[in-house]
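*Asks:* You'll find my_file.pdb just under this line, and it carries PDB, C-alpha atoms.
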ATOM      1  CA  MET L   1       0.101  14.698 -15.080
ATOM      2  CA  ALA L   2      -0.741  11.287 -13.723
ATOM      3  CA  TYR L   3       0.935   9.426 -10.888
ATOM      4  CA  VAL L   4       1.319   5.746 -10.073
ATOM      5  CA  TYR L   5       2.257   5.079  -6.482
ATOM      6  CA  MET L   6       3.151   2.215  -4.202
ATOM      7  CA  ALA L   7       2.325   2.634  -0.533
ATOM      8  CA  ARG L   8       3.010   0.451   2.480
ATOM      9  CA  CYS L   9       0.114  -0.197   4.847
ATOM     10  CA  ALA L  10       0.290  -0.769   8.603
ATOM     11  CA  ASP L  11       0.008  -4.548   8.048
ATOM     12  CA  ASP L  12       3.113  -4.349   5.768
ATOM     13  CA  SER L  13       1.084  -4.988   2.605
ATOM     14  CA  ILE L  14       1.814  -2.942  -0.528
ATOM     15  CA  TYR L  15      -0.999  -0.948  -2.138
ATOM     16  CA  THR L  16      -0.604   0.290  -5.719
ATOM     17  CA  GLY L  17      -2.773   3.106  -7.023
ATOM     18  CA  ILE L  18      -3.112   5.883  -9.556
ATOM     19  CA  ALA L  19      -4.000   9.562  -9.170
ATOM     20  CA  LYS L  20      -4.176  12.863 -10.989
ATOM     21  CA  ASP L  21      -3.758  14.805  -7.744
ATOM     22  CA  LEU L  22      -1.354  12.779  -5.624
ATOM     23  CA  GLY L  23      -1.590  14.980  -2.541
ATOM     24  CA  HIS L  24      -5.366  14.817  -2.501
ATOM     25  CA  ARG L  25      -5.292  11.047  -2.992
ATOM     26  CA  MET L  26      -2.770  10.493  -0.175
ATOM     27  CA  ARG L  27      -5.000  12.496   2.186
ATOM     28  CA  GLU L  28      -8.030  10.445   1.121
ATOM     29  CA  HIS L  29      -6.162   7.260   2.007
ATOM     30  CA  TYR L  30      -4.448   8.463   5.165
ATOM     31  CA  TYR L  31      -7.429  10.231   6.730
ATOM     32  CA  ARG L  32      -9.781   7.439   5.580
ATOM     33  CA  LYS L  33     -12.041   9.826   3.735
ATOM     34  CA  LYS L  34     -15.178   8.731   1.939
ATOM     35  CA  ASN L  35     -13.450   8.331  -1.447
ATOM     36  CA  GLY L  36     -10.383   6.597  -0.028
ATOM     37  CA  ALA L  37      -9.894   2.982  -1.089
ATOM     38  CA  LYS L  38     -11.653   0.358   0.995
ATOM     39  CA  TYR L  39      -8.312  -1.492   1.161
ATOM     40  CA  THR L  40      -6.452   1.369   2.840
ATOM     41  CA  LYS L  41      -9.365   2.216   5.115
ATOM     42  CA  SER L  42      -8.993  -1.157   6.794
ATOM     43  CA  ARG L  43      -5.179  -1.319   6.690
ATOM     44  CA  ARG L  44      -4.077   2.280   7.462
ATOM     45  CA  LEU L  45      -1.562   3.851   5.098
ATOM     46  CA  ALA L  46       1.876   3.921   6.761
ATOM     47  CA  ALA L  47       4.349   5.093   4.094
ATOM     48  CA  LEU L  48       4.581   6.215   0.492
ATOM     49  CA  GLU L  49       7.229   3.900  -0.928
ATOM     50  CA  MET L  50       7.517   4.937  -4.588
ATOM     51  CA  VAL L  51       5.942   7.304  -7.122
ATOM     52  CA  TRP L  52       6.195   7.475 -10.910
ATOM     53  CA  GLU L  53       4.956  10.491 -12.831
ATOM     54  CA  THR L  54       3.884  10.524 -16.472
ATOM     55  CA  GLU L  55       2.176  12.906 -18.869
ATOM     56  CA  GLU L  56      -0.809  10.742 -19.795
ATOM     57  CA  TRP L  57      -3.438   8.968 -17.719
ATOM     58  CA  SER L  58      -3.512   5.996 -20.106
ATOM     59  CA  MET L  59       0.214   5.405 -19.621
ATOM     60  CA  ALA L  60      -0.177   5.595 -15.848
ATOM     61  CA  ALA L  61      -3.117   3.169 -15.970
ATOM     62  CA  ARG L  62      -1.037   0.639 -17.944
ATOM     63  CA  LEU L  63       1.822   0.916 -15.484
ATOM     64  CA  GLU L  64      -0.500   0.530 -12.489
ATOM     65  CA  PHE L  65      -2.017  -2.609 -14.042
ATOM     66  CA  GLN L  66       1.411  -4.133 -14.675
ATOM     67  CA  ILE L  67       2.679  -3.378 -11.157
ATOM     68  CA  LYS L  68      -0.452  -4.905  -9.616
ATOM     69  CA  ARG L  69       0.294  -8.134 -11.490
ATOM     70  CA  LEU L  70       3.787  -8.437  -9.950
ATOM     71  CA  THR L  71       4.497 -10.754  -7.050
ATOM     72  CA  ARG L  72       5.167  -9.168  -3.672
ATOM     73  CA  SER L  73       8.890  -9.906  -4.001
ATOM     74  CA  ARG L  74       9.011  -8.165  -7.402
ATOM     75  CA  LYS L  75       7.131  -5.168  -5.989
ATOM     76  CA  LEU L  76       9.694  -4.909  -3.190
ATOM     77  CA  GLU L  77      12.527  -5.106  -5.768
ATOM     78  CA  LEU L  78      10.881  -2.281  -7.696
ATOM     79  CA  ILE L  79      10.651  -0.158  -4.555
ATOM     80  CA  ARG L  80      14.341  -0.783  -3.750
ATOM     81  CA  GLU L  81      15.485  -0.296  -7.339
ATOM     82  CA  PRO L  82      13.031   1.927  -9.240
ATOM     83  CA  GLU L  83      15.505   2.310 -12.086
ATOM     84  CA  ARG L  84      14.717  -1.342 -12.967
ATOM     85  CA  LEU L  85      11.163  -0.421 -13.963
ATOM     86  CA  GLY L  86      11.706  -1.331 -17.623
ATOM     87  CA  GLU L  87      13.151  -4.702 -16.650
ATOM     88  CA  LEU L  88      10.592  -5.696 -14.005
ATOM     89  CA  VAL L  89       7.488  -4.303 -15.703
ATOM     90  CA  ARG L  90       7.071  -5.117 -19.335
ATOM     91  CA  ASN L  91       4.257  -2.874 -20.465
ATOM     92  CA  GLY L  92       5.301  -2.125 -24.030
ATOM     93  CA  GLU L  93       6.281   1.422 -23.098
ATOM     94  CA  ASP L  94       9.692   2.988 -22.903
ATOM     95  CA  SER L  95      10.343   3.239 -19.163
ATOM     96  CA  ALA L  96      11.865   6.688 -19.800
ATOM     97  CA  VAL L  97       8.313   8.099 -20.105
ATOM     98  CA  TYR L  98       7.928   7.512 -16.360
ATOM     99  CA  ARG L  99       9.754   9.873 -14.008
ATOM    100  CA  ALA L 100      10.626   8.203 -10.700
ATOM    101  CA  HIS L 101      10.300  10.063  -7.396
ATOM    102  CA  PRO L 102      11.876   7.737  -4.794
ATOM    103  CA  ASP L 103      12.406  10.639  -2.377
ATOM    104  CA  TRP L 104       8.737  11.630  -2.082
ATOM    105  CA  THR L 105       7.230  10.754   1.294
ATOM    106  CA  LEU L 106       3.712  10.468   2.672
ATOM    107  CA  GLU L 107       4.403  13.298   5.121
ATOM    108  CA  MET L 108       4.928  15.687   2.192
ATOM    109  CA  PHE L 109       1.244  15.354   1.341
ATOM    110  CA  LEU L 110      -0.505  15.225   4.702
ATOM    111  CA  GLU L 111      -1.018  18.913   5.383
ATOM    112  CA  GLU L 112      -4.434  20.003   4.167
ATOM    113  CA  PRO L 113      -4.122  22.736   1.524
ATOM    114  CA  ARG L 114      -6.324  25.816   1.822
ATOM    115  CA  GLY L 115      -9.830  25.151   0.635
ATOM    116  CA  GLU L 116      -9.737  21.407   1.243
ATOM    117  CA  ARG L 117     -11.861  20.553   4.237
ATOM    118  CA  ALA L 118     -11.492  17.359   6.266
ATOM    119  CA  ALA L 119     -14.899  16.209   5.007
ATOM    120  CA  ASP L 120     -14.132  17.069   1.360
ATOM    121  CA  THR L 121     -14.195  13.993  -0.850
ATOM    122  CA  GLY L 122     -14.259  15.416  -4.349
ATOM    123  CA  GLY L 123     -11.463  16.144  -6.748
ATOM    124  CA  GLY L 124      -9.925  14.303  -9.620
ATOM    125  CA  ALA L 125     -10.083  10.817 -10.977
ATOM    126  CA  HIS L 126      -8.168   8.106  -9.210
ATOM    127  CA  GLY L 127      -7.853   4.353  -9.265
ATOM    128  CA  GLN L 128      -8.231   1.881  -6.467
ATOM    129  CA  ALA L 129      -6.587  -1.488  -6.014
TER     130      ALA L 129
END
Now that the file is in, can you turn its structure into structure tokens?

*Replies:*
Amino acid sequence: MAYVYMARCADDSIYTGIAKDLGHRMREHYYRKKNGAKYTKSRRLAALEMVWETEEWSMAARLEFQIKRLTRSRKLELIREPERLGELVRNGEDSAVYRAHPDWTLEMFLEEPRGERAADTGGGAHGQA
């Protein structure tokens, strides 16, 4: 599995990223761990706005790239209406290959799972904006 996510930062900016382990990546951002993105370290992650799940990393990477190219207003439209993915993001893929999770929240991922220490920074490939 691969995940593309859009998160709102404390300054109201929208960060778009990619992860194989979404929970681990959210904790890296939120707790400002070593491998967290420089962008979210300085702007504090406030909310997970939208997540799309897909089977292949390459498909997730294409979607992340396309979302990053959108204007802020288009990104906000996509957050409000994730079912419009195929219309707002033209990436040559059938939007049905992406499963939307509009109900997933940042809080779902903030508890540290067993075995993951606060100083732990390893685990899975991920992309940064």

*Asks:* Nearest to Met6 in chain L: which of L:Ser58, L:Ser42, L:Thr105, L:Ser95 is it, counting all atoms listed in the file?

*Replies:*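 Comparing L:Ser58, L:Ser42, L:Thr105, L:Ser95 against Met6 in chain L, the winner is L:Thr105.
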
*Asks:* Evaluated on this file, the PyMOL selection byres ((chain L and resi 15-17) around 10) picks out some residues - which ones are they, written as an MDAnalysis selection string?

*Replies:* chainID L and resid 3:9 12:14 18:19 22 25 37 39:40 43 45 48:51 60:61 63:65 67:68 75 126:129

*Asks:* Rounded to one decimal, what separation in Å do you get between CA of Arg72 in chain L and CA of Gly23 in chain L?

*Replies:*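 Between these atoms lies a distance of 25.1 Å.
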
*Asks:* Mind giving me the straight-line distance from CA of Leu70 in chain L to CA of Glu56 in chain L in Å, one decimal?

*Replies:*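 Taking CA of Leu70 in chain L as the start and CA of Glu56 in chain L as the end point, the length is 22.0 Å.
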
*Asks:* With all atoms listed in the file as the basis for distance, which of L:Glu87, L:Asp11, L:Glu55, L:Glu28 is at the shortest distance from Arg99 in chain L?

*Replies:*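 For Arg99 in chain L, the nearest of the candidates is L:Glu55.
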
*Asks:* For a quick check of understanding, using only C-alpha atoms, which of L:Ile79, L:Met108, L:Met26, L:Val89 has the smallest distance to Arg62 in chain L?

*Replies:* L:Val89

*Asks:* Find the residues with any atom within 10 Å of (13.7, 1.7, -12.3); use all atoms listed in the file and the coordinates as given in the file, and write the answer as a VMD selection string.

*Replies:* chain L and resid 52 77 to 89 95 to 96 98 to 100 102

*Asks:* Of the candidates L:Asp21, L:Ala10, L:Thr54, L:Ala2, which one gets nearest to Lys41 in chain L if we count only C-alpha atoms?

*Replies:*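 Checking each candidate against Lys41 in chain L, we get L:Ala10 as the closest.
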
*Asks:* State, in Å with one decimal place, the distance from CA of Arg74 in chain L to CA of Ala47 in chain L.

*Replies:*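 Computing the Euclidean distance for CA of Arg74 in chain L and CA of Ala47 in chain L yields 18.2 Å.
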